[in-house]
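Engineer: This is the structure I want to talk about, given as structure tokens.
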Amino acid sequence: MDEQQRVAAFVEEHGLHADPAYRVLDLESEVGEIAKDAAESTDYGDAPGNVDVASDEVGDALFALLALADSLEVDAAAALDEALAKYRDRLGETGSAASGE
């Protein structure tokens with residue numbers, strides 16, 4: 001995935017290396033920012049049609065996820081392919097992409 005390589009190069013260029021445990025915490029924080037935008041823009045669920053999330057917050061979460069994948073030596077494109085295959089299988093078997101757990 002070109003995006004993962006771009007993030008890895010940025011991390012390398014700017015000396016932003018971190019252990020995977022810290023990458024997970026960063027990802028959680030960035031996804032929390034998305035949730036905050038969604039919660040506030042919908043008046044905490046009272047107006048779900050008004051959801052508004054800043055694109056830079058989505059970008060921050062993508063950066064954090066791709067940096068995590070790189071730190072774990074996981075190919076993000078291959079992991080996405082696995083997930084799509086899993087969802088396709090579920091849809092074919094149960095009609096739903098949701099896990100039965």
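Here's how to read the names in the structure tokens: chain A, B, ... by the order shown, residue numbers from 1 in each chain, ligand numbers from 1 in the order shown.
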To test your reading of the structure, identify every residue in region 17-99 of chain A that backbone DSSP assigns to helix (DSSP H, G or I), and report it as a PyMOL selection string.
Structural biologist: chain A and resi 20-41+48-50+55-71+76-94
Engineer: Skipping near chain neighbours, those fewer than 5 positions away, what residues fall within 9 Å of Glu33 (chain A) using only C-alpha atoms, listed as a compact mmCIF listing (two decimals) with N, CA and C atoms, in the first residue's frame?
Structural biologist:
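The new file around-v6.txt reads:
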```
# COMPACT_ATOMS: atom_id res chain seq x y z
N GLU A 28 -5.82 4.92 19.28
CA GLU A 28 -7.01 5.07 20.12
C GLU A 28 -7.34 6.55 20.33
N ALA A 38 -17.98 13.54 15.98
CA ALA A 38 -19.30 12.98 15.68
C ALA A 38 -20.28 13.24 16.81
N VAL A 53 -17.41 15.21 10.71
CA VAL A 53 -16.09 14.85 11.21
C VAL A 53 -15.07 15.56 10.33
N GLU A 57 -8.97 14.89 10.99
CA GLU A 57 -9.05 13.89 12.06
C GLU A 57 -9.03 12.48 11.48
N VAL A 58 -9.72 12.29 10.35
CA VAL A 58 -9.67 10.99 9.66
C VAL A 58 -8.24 10.74 9.19
N ALA A 61 -6.09 9.59 12.05
CA ALA A 61 -6.35 8.19 12.40
C ALA A 61 -5.72 7.25 11.38
```
Engineer: So what do you get for CA of Ala54 (chain A) versus CA of Leu16 (chain A), distance-wise?
Structural biologist: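 Calculated distance between CA of Ala54 (chain A) and CA of Leu16 (chain A) is 23.9 Å.
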Engineer: In Å, how far is it from CA of Asp37 (chain A) to CA of Val51 (chain A)?
Structural biologist: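 These atoms are spaced 7.9 Å apart.
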Engineer: Given only C-alpha atoms as the basis, pick out the residue of A:His17, A:Leu65, A:Gly49, A:Thr94 nearest to Ser29 (chain A).
Structural biologist: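 Closest to Ser29 (chain A), using only C-alpha atoms: A:Leu65.
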Engineer: Can you pull out the residues contacting region 77-84 of chain A? Cut-off 12 Å, using only C-alpha atoms, and skip same-chain residues under 3 positions away; I want them as a ChimeraX atom specification.
Structural biologist: /A:1-5,65-66,69-70,72-74,87-91,97-99
Engineer: Could you work out how far CA of Val7 (chain A) lies from CA of Ser71 (chain A), giving the answer in Å with one decimal?
Structural biologist: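 Rounded to one decimal, the two atoms are 10.8 Å apart.
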Engineer: Given only C-alpha atoms as the basis, pick out the residue of A:Ala67, A:Ala76, A:Ala8, A:Ala39 nearest to Asp26 (chain A).
Structural biologist: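 Of all the options, A:Ala67 lies closest to Asp26 (chain A).
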